[in-house]
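What follows is a single structure, written as structure tokens, with notes after it.
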Amino acid sequence: MRRAWWGRGKRAGVLVAVTGLLAALPTGWGAAGTARATTAGVLSQVHTAGRVKEAGNTVQYSWPGVYFEGRVSGTGVGVVLNDSAADYDVQVDGTTVATLVTPGSTTHWIHGLQNREHTVRLVKRNDSPADISTFGGFVAAPGGAVLGRPTARSRQIEFIGDSLTVGYGNLSSSRACTGDQIKRTTNADVSYGALTGRRLNADYQINGYSGLGMVRNYNGGSPDVTYRTFYDRALQSVPGDVWQNPGTWRPQLVVVNLGTNDFSTAVNPGEPWTPESLAAAYRSAYTDFLQRLRTRYGSATTVVAVGAGQYADHVRQVVKARNDAGDNGVRYWFLDSSGLDFLGCDWHYSAHDDRVISDRLVSFLSGLPMRW
């Protein structure tokens with residue numbers, strides 16, 4: 001099964017129409033005479049569970065699936081963005097009203113709303129690890145107002161993985177995709193993680209990075225880094241960057257799904273692995289990563305380690321060792337691939353598959369003594 005390495009230059013597909021008026025407003029006032037969100041206003045006016053960093057009068061971020069939720073009154077809302085790499089969906093009152101394709105530096109306006117209170121949600125659809133995304137907040141049309149931010153949900157889930165967790169090409173109608181098709185048809189907001197989070201009424205992070213493995217990347221690419229290199233970062237392209245948890249991110253559940261890229265391709269000549277040493281290194285690194293999560297989040301967090309395909313038994317062994325050592329908060333879940341069509345780009349999960357996996361994961365989680 002092919003897996004995209006790195007995620008750069010390997011995305012996009014059917015171009016989605018962008019609705020509404022795009023007006024480039026890097027500073028100052030909006031086209032409708034409404035002031036931009038101020039520095040203090042961005043995080044005070046929106047709810048987000050994503051890994052974001054304050055940067056002047058904006059917030060910056062890199063991971064896919066980052067979402068911002070707000071409340072406005074009036075007949076229109078503007079979305080202030082600066083991003084020439086990623087795509088976004090804008091949702092008003094639960095309905096997607098616009099898909100923004102690499103919007104650049106702009107304020108995108110949604111007009112013609114009923115003159116009342118509305119919920120608005122902006123979500124980053126795809127992964128763009130080599131770039132930094134910037135959000136400047138929501139603004140209201142004349143006569144309206146940006147209202148207080150929505151309340152955070154009490155449940156929190158963190159999803160850790162590769163392109164299968166990102167939602168790589170899951171909206172594609174073909175397994176064969178150009179780079180642009182992969183970009184346009186990747187939608188983390190309908191990945192199994194996002195679906196699971198919403199079904200459980202939980203805030204969530206989709207910390208997925210295409211092509212990376214626990215110790216070996218797809219086809220042995222970029223051997224100097226692995227997923228673990230980037231896990232602590234808010235901005236993936238900034239070496240040494242560390243996301244500063246504001247103290248509000250305390251997930252009761254972490255789901256880890258890493259291993260496809262480690263084992264899906266044969267070891268190439270010149271790589272420092274044999275099948276046996278790769279398996280041993282994978283198990284050792286996985287054990288260390290679980291301890292890293294336990295140190296970060298404490299004993300109250302349940303960690304679900306996903307096993308599938310060639311790496312399933314290695315994950316099972318790691319979890320058993322952890323349980324034997326007294327940590328029963330780490331659980332093994334076998335991801336059953338029966339009924340999956342793998343019709344996403346490059347044989348990735350399709351949107352259908354993401355729904356099936358979410359159904360199965362929610363069923364599994366319902367049998368756990370979750371502390372939420």
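Just so we're on the same page: first chain in the structure tokens is A, next is B, and so on; residues restart at 1 for each chain, and ligands are numbered from 1 in the order they show up.
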
Using only C-alpha atoms, what table do you get, as a Markdown table, when you list each residue of stretch 167-235 of chain A with an atom no more than 10 Å from stretch 274-288 of chain A, its nearest pair of atoms, and their distance in Å rounded to one decimal, rows by chain then rising number?
```
| residue | atom | partner | partner_atom | distance |
| --- | --- | --- | --- | --- |
| A:Gly213 | CA | A:Tyr282 | CA | 9.0 |
| A:Met214 | CA | A:Tyr282 | CA | 6.4 |
| A:Val215 | CA | A:Tyr282 | CA | 5.9 |
| A:Arg216 | CA | A:Leu278 | CA | 8.1 |
| A:Arg228 | CA | A:Ala285 | CA | 9.1 |
```

Would you output that residue set with N, CA and C atoms, as a compact mmCIF listing (two decimals), in the first residue's frame?
```txt
# COMPACT_ATOMS: atom_id res chain seq x y z
N GLY A 213 6.88 7.74 10.50
CA GLY A 213 6.68 6.57 11.33
C GLY A 213 7.29 6.74 12.70
N MET A 214 7.21 5.70 13.48
CA MET A 214 7.77 5.74 14.84
C MET A 214 9.29 5.76 14.79
N VAL A 215 9.89 4.93 13.92
CA VAL A 215 11.35 4.93 13.78
C VAL A 215 11.79 4.98 12.32
N ARG A 216 10.89 4.68 11.38
CA ARG A 216 11.22 4.66 9.96
C ARG A 216 10.08 5.29 9.18
N ARG A 228 8.30 11.32 15.98
CA ARG A 228 8.65 11.78 17.33
C ARG A 228 9.45 13.08 17.32
```

Write out, as a tab-separated table, each residue of stretch 182-274 of chain A that has an atom at most 8 Å from stretch 289-305 of chain A, together with the closest pair of atoms and their distance in Å to one decimal, counting only C-alpha atoms, rows going by chain and rising number.
```
residue	atom	partner	partner_atom	distance
A:Arg228	CA	A:Phe289	CA	7.9
A:Arg250	CA	A:Tyr297	CA	6.6
A:Pro251	CA	A:Thr301	CA	6.5
A:Gln252	CA	A:Thr301	CA	4.5
A:Leu253	CA	A:Thr302	CA	4.8
A:Val254	CA	A:Val303	CA	4.8
A:Val255	CA	A:Val304	CA	4.8
A:Val256	CA	A:Ala305	CA	5.0
A:Asn257	CA	A:Ala305	CA	6.5
```

Counting only C-alpha atoms, the option among A:Leu81, A:Ile206, A:Ala49, A:Val225 closest to A:Thr248:
A:Ala49

Polymer residues at most 12 Å from stretch 364-367 of chain A, only C-alpha atoms, same-chain spacing of 4 or more positions, as a tab-separated table (two decimals) with C-alpha atoms, in the first residue's frame:
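Contents of out11.tsv, as written:
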```
chain	number	residue	atom	x	y	z
A	157	ILE	CA	-9.26	13.46	22.80
A	196	THR	CA	-15.13	10.26	16.77
A	197	GLY	CA	-14.53	13.51	18.63
A	199	ARG	CA	-19.79	11.85	18.17
A	200	LEU	CA	-18.49	11.85	21.74
A	252	GLN	CA	-8.81	12.00	29.01
A	253	LEU	CA	-8.03	9.90	25.93
A	254	VAL	CA	-5.07	9.69	23.53
A	255	VAL	CA	-5.30	7.45	20.44
A	302	THR	CA	-6.34	6.47	28.86
A	303	VAL	CA	-4.02	5.70	25.95
A	304	VAL	CA	-5.39	3.53	23.13
A	306	VAL	CA	-3.94	1.01	17.59
A	331	ARG	CA	-5.28	-0.35	25.96
A	332	TYR	CA	-4.72	-2.23	22.72
A	333	TRP	CA	-7.23	-1.87	19.90
A	334	PHE	CA	-7.00	-3.93	16.74
A	335	LEU	CA	-8.20	-1.89	13.78
A	336	ASP	CA	-10.21	-4.37	11.74
A	357	ILE	CA	-13.49	3.13	11.63
A	358	SER	CA	-15.09	5.81	13.79
A	359	ASP	CA	-18.11	3.56	14.38
A	360	ARG	CA	-15.83	0.73	15.49
A	371	ARG	CA	-12.86	8.90	33.30
A	372	TRP	CA	-15.04	11.54	31.78
```
